[in-house]
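Report on the following structure.
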Amino acid sequence: MPPNAPRSRTALFVTCLNDTLFPGTGRAAVTLLRRLGVEVDFPAAQSCCGQMHFNTGYRRETARLARHFVDTFADYEEIVVPSASCAGMPAESYPLAAEAAGDPGLAREVAELAPRVVELTEYLTDRLGVEQVGAYFPHRVTYHPTCHSLRATGLGERPHRLLRAVAGIDYVELPAQEECCGFGGTFSVKNPAVSGAMNGDKARHVLETGASVLAAVDNSCLMNIGGRLTRDGHPVRTLHLVEILARTERDGPLPGLPVVEAVR
Amino acid sequence: MSRSFLGWPAFPQASEREVGNRQLRENVRRATHTIRGKRAVLAAERPDWEQLRDSAAAIKDQVLAGLEEHLLRVEEKVTAAGGTVHWARDAAEANRIVTDLVRATGEREIVKVKSMLTEEIGLDAALEAAGINARETDLAATIVQLGDDLPSHVVVPALHRNRTEIREIFAREMGRHGRPAPEGLTDDPAELAEAARLHLREKFLGAKVAVSGANFVVAETGTLVVVESEGNGRMCLTLADTLISVVGIEKTVPTWQDLEVFLQLLARNATGERMAPYTSTWTGTVDGDGPRDFHLVLVDNGRTRALADPVGRQALRCIRCGACMNTCPVYERTGGHAYGSVYPGPIGAILNPLLKGVDDSQTASLPYASTLCGACNEVCPVRIRFTDVLLDLRAQVADGGQHPVERAALGAVGAVMERPAAWKAAVKGAGLVGPLLPGRTRLPGPLGGWTENRALPDVPRESFRSWWKRNEGERA
């Protein structure tokens, strides 16, 4: 095997946020994918997709991270991402970043690579064709469809179907779920008052469900909503969807959470 | 002096003030949710809704691509029908033209209806300086004017007011500007409407000059179109001797067949009605029927600037239905005033910077007045991709060098992220330092807004990459 050849055809792009702040999401992704027979590789050169740079207006800086992304993942057949907003970057934003940087070579490489970058939920339902992933999670869960997963990635009902198929789960729909949580990356820093007001309403809706876990496919939004819930003293846990899907009956209930009677 | 948005603070400051106003937030939430619901039902009713949106976008793009030709046709047809066409490059020119036209009639009190553009150019103040009192006659615009207030929505300018506040404004102000509100006026909507009817009827019957806007100008016949709910527009358009219509150059549609597409979309998307109660059309002048003198003032005021922007020009497709603001979660919390313009909400966040440029802090703040959630994209009847334009404008702001510290910071972060060894060290550093931060930490400087509303997440000691290396690294 040549020294740089990937060990697997599938790479995990864990995202910089998950790498540093939510490593449990990355571990769960590896666990779940292995259980489903997919051996993933983690190319250690990976860092950040550049979304924060792009969404704040810094396109040439994004192009440098796009170049790094392309170089890191070029040899993989599929790149799985446990974040809808980061997964959308190569297809949606890298072409514009390459254009701003005046780099048609990068634009060509991006066009070749982008179709192979896929958000984890979609990877499960559309590429692997599974909805029943053998998960067990005997807790009350609600789900926030993040704006990117809803409107850019177009995940639609997929995450809901995956959740409903989890054994033992008490899944409740979140009221006004399609409304943004107010995170918006640097929006939360540039417009804290408005962001806080939106987030407060979202947190209130979460509490209305009586769920002990709020799930989503973007930890950035969960960090926002969870930060509000924690500050206000509510014990609702935030978990990336994959952290629910990765748990099996052998793991038992998640410690510290109220267990619901199984409806099976 | 009437109030204006001149010198308005940038969005973060202006919105902070509005967000703190509970009554305002409740008024805006209630109103936007009501219209949102009605719109959704009526849009779903049309099996060809998506095709109508496609057609509308295509027609507008076609107009914008050959705008000069369409405008010359408008001038030719309006002139042939007995009207006079004036061209105004900017606000000052437009105001001067209208003021001179009113002065020539010798009138001191005139009526106005359905024109956001006259608010955009500050016509009222210009007329006031010339000793001319222009009274609004659209109900919501009347509420705004009587309350010495500013519009907060493109379709419902007084959306931020509830009926109790409206009653107070009517009772207090109507008598100072004409017929007073009836004694013992309550906040019953029918009573409020009747009070407005009586107050305004006097204005319609007395006015010799009317100033209007227009929703559309049909180039093939030189016909102007106003779509409204109350009939007050029709009063203005038909009762005055002199009618001056002040219209943005982007309002042109080539033919009546094109107009049909927009008339099917507009009311459904704007107010959740199948058709607007009043659709008025007029072509030049007709002897013995309506105004004897008709002037069309075609205004640029930044529109050709927007047209020159390859990404942003799609904002000129806008037909001012207001659906983007009705669906916007940011607008729902701030109301319209925070945007510092007669055009608030998502359309305001892109149109104002496109019309005026991003050289000042107010317009430069608007492209950031969005979480990029994309809800506006889904309801726009002319398929404006708001998020694409917002992102492009942000790049223009960033390239303009307005945020040097931010650029330096993000540049430094990026430089670390593209170097694997440096990034690995940074991730490790976060795992060492992060767990030491107390849970109630307040972040310094520009990041302080985050911790004002939220707890920081716990920083795990072991990053994903460390875990991977510990478990899988030996296989490398």
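Numbering starts fresh at 1 for the residues of each chain in the structure tokens, the chains themselves are lettered A, B, ... in the order given, and ligands are numbered from 1 as they appear.
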Note to self: Please identify the strand (DSSP E) residues within region 37-276 of chain B (assignment by DSSP from backbone atoms) and present them as a PyMOL selection string.
What the structure shows: chain B and resi 84-88+109-113+133-136+209-212+216-218+223-228+242-248+252-253
Note to self: For region 141-144 of chain A, find every residue with an atom within 9 Å (counting only C-alpha atoms), except residues of its own chain fewer than 5 positions away, and show them as number ranges by chain.
What the structure shows: A: 159-160, 163, 169-174, 177-179, 181, 206, 209-217, 221-222, 241
Identify every residue of chain A that has at least one atom within 6 Å of any atom of chain B, counting only C-alpha atoms, and report the result as a PyMOL selection string.
chain A and resi 19-21+23+45+47+57-58+65+68+147+184+187+189+191-193+196+227-228+231
Contact check, region 233-292 of chain B to region 39-47 of chain B, at most 9 Å, counting only C-alpha atoms, closest pairs as JSON lines:
```
{"residue": "B:Leu265", "atom": "CA", "partner": "B:Ala43", "partner_atom": "CA", "distance": 8.4}
{"residue": "B:Ala267", "atom": "CA", "partner": "B:Arg39", "partner_atom": "CA", "distance": 8.9}
{"residue": "B:Arg268", "atom": "CA", "partner": "B:Leu42", "partner_atom": "CA", "distance": 5.9}
{"residue": "B:Asn269", "atom": "CA", "partner": "B:Arg39", "partner_atom": "CA", "distance": 5.5}
{"residue": "B:Ala270", "atom": "CA", "partner": "B:Arg39", "partner_atom": "CA", "distance": 7.2}
{"residue": "B:Thr271", "atom": "CA", "partner": "B:Arg39", "partner_atom": "CA", "distance": 6.6}
{"residue": "B:Gly272", "atom": "CA", "partner": "B:Arg39", "partner_atom": "CA", "distance": 4.1}
{"residue": "B:Glu273", "atom": "CA", "partner": "B:Leu42", "partner_atom": "CA", "distance": 7.1}
{"residue": "B:Arg274", "atom": "CA", "partner": "B:Leu42", "partner_atom": "CA", "distance": 6.9}
```
Using N, CA and C atoms, can you export the residues from the last selection as a short mmCIF file (atom, residue, chain, number, x, y, z; two decimals), in the first residue's frame?
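Wrote part_10.cif, looks like this:
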```
data_model
loop_
_atom_site.label_atom_id
_atom_site.label_comp_id
_atom_site.auth_asym_id
_atom_site.auth_seq_id
_atom_site.Cartn_x
_atom_site.Cartn_y
_atom_site.Cartn_z
N LEU B 265 -50.21 36.39 -7.98
CA LEU B 265 -49.30 36.12 -6.87
C LEU B 265 -49.43 37.12 -5.73
N ALA B 267 -51.64 39.35 -4.11
CA ALA B 267 -52.55 39.40 -2.96
C ALA B 267 -52.44 38.13 -2.12
N ARG B 268 -52.35 37.01 -2.78
CA ARG B 268 -52.21 35.75 -2.03
C ARG B 268 -50.99 35.79 -1.13
N ASN B 269 -49.89 36.28 -1.69
CA ASN B 269 -48.63 36.24 -0.94
C ASN B 269 -48.53 37.39 0.07
N ALA B 270 -49.22 38.49 -0.21
CA ALA B 270 -49.07 39.67 0.65
C ALA B 270 -50.01 39.61 1.85
N THR B 271 -51.28 39.36 1.58
CA THR B 271 -52.27 39.47 2.65
C THR B 271 -53.08 38.18 2.83
N GLY B 272 -52.78 37.16 2.03
CA GLY B 272 -53.55 35.93 2.14
C GLY B 272 -54.96 36.10 1.61
N GLU B 273 -55.10 36.84 0.51
CA GLU B 273 -56.41 37.00 -0.14
C GLU B 273 -56.28 36.50 -1.58
N ARG B 274 -57.36 35.97 -2.11
CA ARG B 274 -57.28 35.46 -3.49
C ARG B 274 -57.03 36.60 -4.46
#
```
Using only C-alpha atoms, the shortest atom-to-atom distance to Val74 (chain B) among B:Leu351, B:Val405, B:Ala207, B:Val297 belongs to B:Val297
**OP:** Find the residues near Glu99 (chain A): any atom within 12 Å, counting only C-alpha atoms, skip ones fewer than 2 places away on the same chain, and give them as a count of residues only.
**Re:** 19
Please identify every residue of region 171-258 of chain B that has at least one atom no farther than 10 Å from an atom of region 98-109 of chain B, counting only C-alpha atoms, and for each give the shortest atom pair and the distance in Å to one decimal, arranged by chain then increasing number, as JSON lines.
```
{"residue": "B:Lys203", "atom": "CA", "partner": "B:Glu109", "partner_atom": "CA", "distance": 8.8}
{"residue": "B:Gly206", "atom": "CA", "partner": "B:Glu109", "partner_atom": "CA", "distance": 8.7}
{"residue": "B:Ala207", "atom": "CA", "partner": "B:Glu109", "partner_atom": "CA", "distance": 6.8}
{"residue": "B:Lys208", "atom": "CA", "partner": "B:Glu107", "partner_atom": "CA", "distance": 7.2}
{"residue": "B:Val209", "atom": "CA", "partner": "B:Val102", "partner_atom": "CA", "distance": 7.2}
{"residue": "B:Ala210", "atom": "CA", "partner": "B:Val102", "partner_atom": "CA", "distance": 9.1}
{"residue": "B:Val211", "atom": "CA", "partner": "B:Val98", "partner_atom": "CA", "distance": 8.6}
{"residue": "B:Asp241", "atom": "CA", "partner": "B:Thr105", "partner_atom": "CA", "distance": 9.6}
{"residue": "B:Thr242", "atom": "CA", "partner": "B:Thr105", "partner_atom": "CA", "distance": 8.2}
{"residue": "B:Leu243", "atom": "CA", "partner": "B:Val102", "partner_atom": "CA", "distance": 9.7}
{"residue": "B:Ile244", "atom": "CA", "partner": "B:Val98", "partner_atom": "CA", "distance": 7.4}
{"residue": "B:Ser245", "atom": "CA", "partner": "B:Val98", "partner_atom": "CA", "distance": 9.2}
{"residue": "B:Val246", "atom": "CA", "partner": "B:Val98", "partner_atom": "CA", "distance": 8.3}
```
Keeping only C-alpha atoms, write those residues as an mmCIF file, in the first residue's frame.
```
data_model
loop_
_atom_site.group_PDB
_atom_site.id
_atom_site.type_symbol
_atom_site.label_atom_id
_atom_site.label_comp_id
_atom_site.auth_asym_id
_atom_site.auth_seq_id
_atom_site.Cartn_x
_atom_site.Cartn_y
_atom_site.Cartn_z
ATOM 1 C CA LYS B 203 -59.309 65.016 2.643
ATOM 2 C CA GLY B 206 -60.942 68.722 -0.639
ATOM 3 C CA ALA B 207 -57.732 67.768 -2.381
ATOM 4 C CA LYS B 208 -56.949 69.029 -5.869
ATOM 5 C CA VAL B 209 -53.602 67.248 -6.077
ATOM 6 C CA ALA B 210 -52.780 63.616 -5.305
ATOM 7 C CA VAL B 211 -49.430 61.863 -5.147
ATOM 8 C CA ASP B 241 -57.457 67.228 -10.676
ATOM 9 C CA THR B 242 -53.730 66.592 -10.785
ATOM 10 C CA LEU B 243 -52.244 63.139 -10.196
ATOM 11 C CA ILE B 244 -48.498 62.743 -9.719
ATOM 12 C CA SER B 245 -47.315 59.136 -9.610
ATOM 13 C CA VAL B 246 -43.821 58.571 -8.274
#
```
Inset, instruction - Extract, using only C-alpha atoms, all DNA, RNA and protein residues at most 6 Å from Ala135 (chain A), discarding same-chain residues fewer than 3 positions from it, and format them as a PyMOL selection string. - result: chain A and resi 166+245+247-248
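The smallest atom-to-atom distance between Ser115 (chain B) and any of B:Val155, B:Phe204, B:Leu443, B:Gly288, using only C-alpha atoms, is found for B:Val155.
Among the candidates B:His153, B:Arg167, B:Asp48, B:Ala195, the one nearest to Pro180 (chain B) when counting only C-alpha atoms is B:Ala195.
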What separates CA of Leu259 (chain B) and CA of Glu69 (chain B) is a distance of 17.7 Å
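Among A:Ile79, A:Val38, A:Ala98, A:Val194, the residue with the shortest atom-to-atom distance to Arg64 (chain A), counting only C-alpha atoms, is A:Ala98.
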Enumerate the residues of region 294-462 of chain B with a DSSP assignment of alpha helix (DSSP H), computed from the backbone, and present them as an mmCIF file with C-alpha atoms, in the first residue's frame.
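What ended up in part-v9.cif:
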```cif
data_model
loop_
_atom_site.group_PDB
_atom_site.id
_atom_site.type_symbol
_atom_site.label_atom_id
_atom_site.label_comp_id
_atom_site.auth_asym_id
_atom_site.auth_seq_id
_atom_site.Cartn_x
_atom_site.Cartn_y
_atom_site.Cartn_z
ATOM 1 C CA ARG B 303 -31.711 51.227 -8.769
ATOM 2 C CA THR B 304 -29.179 51.251 -11.587
ATOM 3 C CA ARG B 305 -26.530 50.789 -8.897
ATOM 4 C CA ALA B 306 -28.341 47.637 -7.763
ATOM 5 C CA LEU B 307 -28.841 46.573 -11.370
ATOM 6 C CA ALA B 323 -43.984 37.800 2.735
ATOM 7 C CA CYS B 324 -40.249 37.739 3.511
ATOM 8 C CA MET B 325 -40.726 39.919 6.577
ATOM 9 C CA ASN B 326 -43.850 38.051 7.650
ATOM 10 C CA THR B 327 -41.874 34.829 7.723
ATOM 11 C CA PRO B 329 -37.681 35.141 12.607
ATOM 12 C CA VAL B 330 -35.419 38.177 12.982
ATOM 13 C CA TYR B 331 -38.093 40.650 11.858
ATOM 14 C CA GLU B 332 -40.550 38.940 14.178
ATOM 15 C CA ARG B 333 -38.381 39.950 17.157
ATOM 16 C CA THR B 334 -37.307 43.403 15.996
ATOM 17 C CA GLY B 345 -36.973 42.625 6.875
ATOM 18 C CA PRO B 346 -35.049 40.384 4.498
ATOM 19 C CA ILE B 347 -35.759 42.546 1.443
ATOM 20 C CA GLY B 348 -34.566 45.580 3.377
ATOM 21 C CA ALA B 349 -31.438 43.759 4.465
ATOM 22 C CA ILE B 350 -30.445 43.378 0.819
ATOM 23 C CA LEU B 351 -32.197 46.213 -1.011
ATOM 24 C CA ASN B 352 -30.939 49.091 1.142
ATOM 25 C CA PRO B 353 -27.254 48.166 0.814
ATOM 26 C CA LEU B 354 -27.762 47.590 -2.908
ATOM 27 C CA LEU B 355 -29.437 50.969 -3.440
ATOM 28 C CA LYS B 356 -27.111 52.968 -1.197
ATOM 29 C CA SER B 361 -22.139 51.502 9.132
ATOM 30 C CA GLN B 362 -25.952 51.388 8.940
ATOM 31 C CA THR B 363 -26.245 49.848 5.470
ATOM 32 C CA ALA B 364 -23.158 47.701 6.101
ATOM 33 C CA SER B 365 -24.824 46.199 9.179
ATOM 34 C CA ALA B 375 -37.208 30.975 5.359
ATOM 35 C CA CYS B 376 -37.570 34.065 3.124
ATOM 36 C CA ASN B 377 -36.267 32.188 0.065
ATOM 37 C CA GLU B 378 -39.165 29.790 0.357
ATOM 38 C CA VAL B 379 -41.968 32.358 0.319
ATOM 39 C CA PHE B 386 -32.020 36.247 -0.209
ATOM 40 C CA THR B 387 -29.298 34.128 1.354
ATOM 41 C CA ASP B 388 -27.153 34.295 -1.804
ATOM 42 C CA VAL B 389 -27.449 38.077 -1.892
ATOM 43 C CA LEU B 390 -26.830 38.455 1.841
ATOM 44 C CA LEU B 391 -23.658 36.390 1.573
ATOM 45 C CA ASP B 392 -22.471 38.319 -1.473
ATOM 46 C CA LEU B 393 -23.090 41.635 0.287
ATOM 47 C CA ARG B 394 -21.195 40.395 3.339
ATOM 48 C CA ALA B 395 -18.240 39.697 1.070
ATOM 49 C CA GLN B 396 -18.546 43.251 -0.262
ATOM 50 C CA VAL B 397 -18.549 44.633 3.280
ATOM 51 C CA ALA B 398 -15.586 42.481 4.269
ATOM 52 C CA ASP B 399 -13.684 43.468 1.125
ATOM 53 C CA PRO B 404 -10.152 45.136 9.997
ATOM 54 C CA VAL B 405 -9.970 43.442 13.413
ATOM 55 C CA GLU B 406 -12.406 40.715 12.369
ATOM 56 C CA ARG B 407 -10.505 40.135 9.145
ATOM 57 C CA ALA B 408 -7.220 39.831 11.029
ATOM 58 C CA ALA B 409 -8.742 37.444 13.582
ATOM 59 C CA LEU B 410 -10.413 35.193 11.032
ATOM 60 C CA GLY B 411 -7.285 35.329 8.884
ATOM 61 C CA ALA B 412 -5.202 34.132 11.828
ATOM 62 C CA VAL B 413 -7.657 31.348 12.652
ATOM 63 C CA GLY B 414 -7.672 30.303 9.001
ATOM 64 C CA ALA B 415 -3.871 30.220 8.893
ATOM 65 C CA VAL B 416 -3.883 27.797 11.820
ATOM 66 C CA MET B 417 -6.648 25.679 10.319
ATOM 67 C CA PRO B 420 -2.325 20.427 10.230
ATOM 68 C CA ALA B 421 0.396 20.642 12.900
ATOM 69 C CA ALA B 422 -0.735 24.076 14.071
ATOM 70 C CA TRP B 423 -4.392 23.005 14.103
ATOM 71 C CA LYS B 424 -3.576 19.859 16.046
ATOM 72 C CA ALA B 425 -1.756 21.974 18.629
ATOM 73 C CA ALA B 426 -4.705 24.391 18.831
ATOM 74 C CA VAL B 427 -7.206 21.570 19.421
ATOM 75 C CA LYS B 428 -4.959 20.165 22.109
ATOM 76 C CA GLY B 429 -4.632 23.600 23.698
ATOM 77 C CA ALA B 430 -8.413 24.004 23.811
ATOM 78 C CA GLY B 431 -8.689 20.696 25.644
ATOM 79 C CA LEU B 432 -6.118 21.835 28.199
ATOM 80 C CA VAL B 433 -7.446 25.336 28.815
ATOM 81 C CA GLY B 448 -19.656 38.976 25.287
ATOM 82 C CA GLY B 449 -23.084 38.810 23.667
ATOM 83 C CA TRP B 450 -22.860 35.040 23.557
ATOM 84 C CA THR B 451 -22.384 34.573 27.301
ATOM 85 C CA GLU B 452 -24.997 37.184 28.151
ATOM 86 C CA ASN B 453 -27.693 34.770 27.037
#
```
I'd like the contact shell of Glu261 (chain A) - 12 Å cut-off, only C-alpha atoms, skipping same-chain residues fewer than 5 positions apart - returned as a PyMOL selection string. chain A and resi 137-140+167-170+253
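Taking only C-alpha atoms into account, Arg35 (chain A) lies nearest to A:Gly134 out of the set A:Glu77, A:Thr186, A:Glu109, A:Gly134.
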**OP:** Please identify all polymer residues within 12 Å of Arg234 (chain B), counting only C-alpha atoms, omitting same-chain residues fewer than 6 positions from it, and present them as number ranges by chain.
**Re:** B: 111-114, 137-138, 204, 210-214, 225-228, 240, 243, 277-282, 290-291
Exercise for review: Find the spatial neighbours of region 123-125 of chain A, counting only C-alpha atoms, within a cut-off of 9 Å - ignore same-chain residues fewer than 3 positions away - and output them as an NGL selection string.
Suggested key: :A and (33 or 80-81 or 118-120 or 128-131 or 133 or 158-159 or 162)
Please write the residues from the selection above to a file, keeping N, CA and C atoms, as a PDB file, in the first residue's frame.
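Contents of the output file part-v4.pdb:
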```pdb
ATOM      1  N   LEU A  33     -21.443   3.764  12.254  1.00  0.00           N
ATOM      2  CA  LEU A  33     -21.085   3.372  10.888  1.00  0.00           C
ATOM      3  C   LEU A  33     -20.449   1.977  10.878  1.00  0.00           C
ATOM      4  N   VAL A  80     -18.192  11.561   4.877  1.00  0.00           N
ATOM      5  CA  VAL A  80     -19.399  11.646   5.694  1.00  0.00           C
ATOM      6  C   VAL A  80     -19.198  12.718   6.772  1.00  0.00           C
ATOM      7  N   VAL A  81     -20.243  13.550   6.952  1.00  0.00           N
ATOM      8  CA  VAL A  81     -20.113  14.708   7.837  1.00  0.00           C
ATOM      9  C   VAL A  81     -21.278  14.747   8.843  1.00  0.00           C
ATOM     10  N   VAL A 118     -21.218  14.098   2.003  1.00  0.00           N
ATOM     11  CA  VAL A 118     -22.619  13.861   2.321  1.00  0.00           C
ATOM     12  C   VAL A 118     -22.855  13.928   3.838  1.00  0.00           C
ATOM     13  N   GLU A 119     -23.959  14.555   4.178  1.00  0.00           N
ATOM     14  CA  GLU A 119     -24.348  14.680   5.587  1.00  0.00           C
ATOM     15  C   GLU A 119     -24.709  13.285   6.108  1.00  0.00           C
ATOM     16  N   LEU A 120     -24.420  13.043   7.370  1.00  0.00           N
ATOM     17  CA  LEU A 120     -24.521  11.699   7.947  1.00  0.00           C
ATOM     18  C   LEU A 120     -25.930  11.085   7.861  1.00  0.00           C
ATOM     19  N   LEU A 128     -26.889   4.230   2.417  1.00  0.00           N
ATOM     20  CA  LEU A 128     -26.935   2.887   3.003  1.00  0.00           C
ATOM     21  C   LEU A 128     -28.347   2.308   2.932  1.00  0.00           C
ATOM     22  N   GLY A 129     -29.330   3.178   2.766  1.00  0.00           N
ATOM     23  CA  GLY A 129     -30.709   2.701   2.629  1.00  0.00           C
ATOM     24  C   GLY A 129     -31.283   2.107   3.908  1.00  0.00           C
ATOM     25  N   VAL A 130     -30.869   2.635   5.071  1.00  0.00           N
ATOM     26  CA  VAL A 130     -31.406   2.111   6.333  1.00  0.00           C
ATOM     27  C   VAL A 130     -32.179   3.183   7.095  1.00  0.00           C
ATOM     28  N   GLU A 131     -33.174   2.743   7.821  1.00  0.00           N
ATOM     29  CA  GLU A 131     -33.861   3.624   8.760  1.00  0.00           C
ATOM     30  C   GLU A 131     -33.822   2.992  10.143  1.00  0.00           C
ATOM     31  N   VAL A 133     -31.686   1.288  12.520  1.00  0.00           N
ATOM     32  CA  VAL A 133     -30.234   1.121  12.664  1.00  0.00           C
ATOM     33  C   VAL A 133     -29.882   0.324  13.924  1.00  0.00           C
ATOM     34  N   ARG A 158     -36.314  12.661   6.956  1.00  0.00           N
ATOM     35  CA  ARG A 158     -35.329  11.595   7.231  1.00  0.00           C
ATOM     36  C   ARG A 158     -34.976  11.462   8.713  1.00  0.00           C
ATOM     37  N   PRO A 159     -34.577  12.573   9.356  1.00  0.00           N
ATOM     38  CA  PRO A 159     -34.187  12.429  10.773  1.00  0.00           C
ATOM     39  C   PRO A 159     -35.358  11.969  11.640  1.00  0.00           C
ATOM     40  N   LEU A 162     -35.739   8.233  11.216  1.00  0.00           N
ATOM     41  CA  LEU A 162     -34.691   7.514  11.951  1.00  0.00           C
ATOM     42  C   LEU A 162     -34.998   7.473  13.440  1.00  0.00           C
TER      43      LEU A 162
END
```
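Proximity of B:Val247, B:Leu437, B:Met174, B:Leu150 to His86 (chain B), computed with only C-alpha atoms, is greatest for B:Val247.
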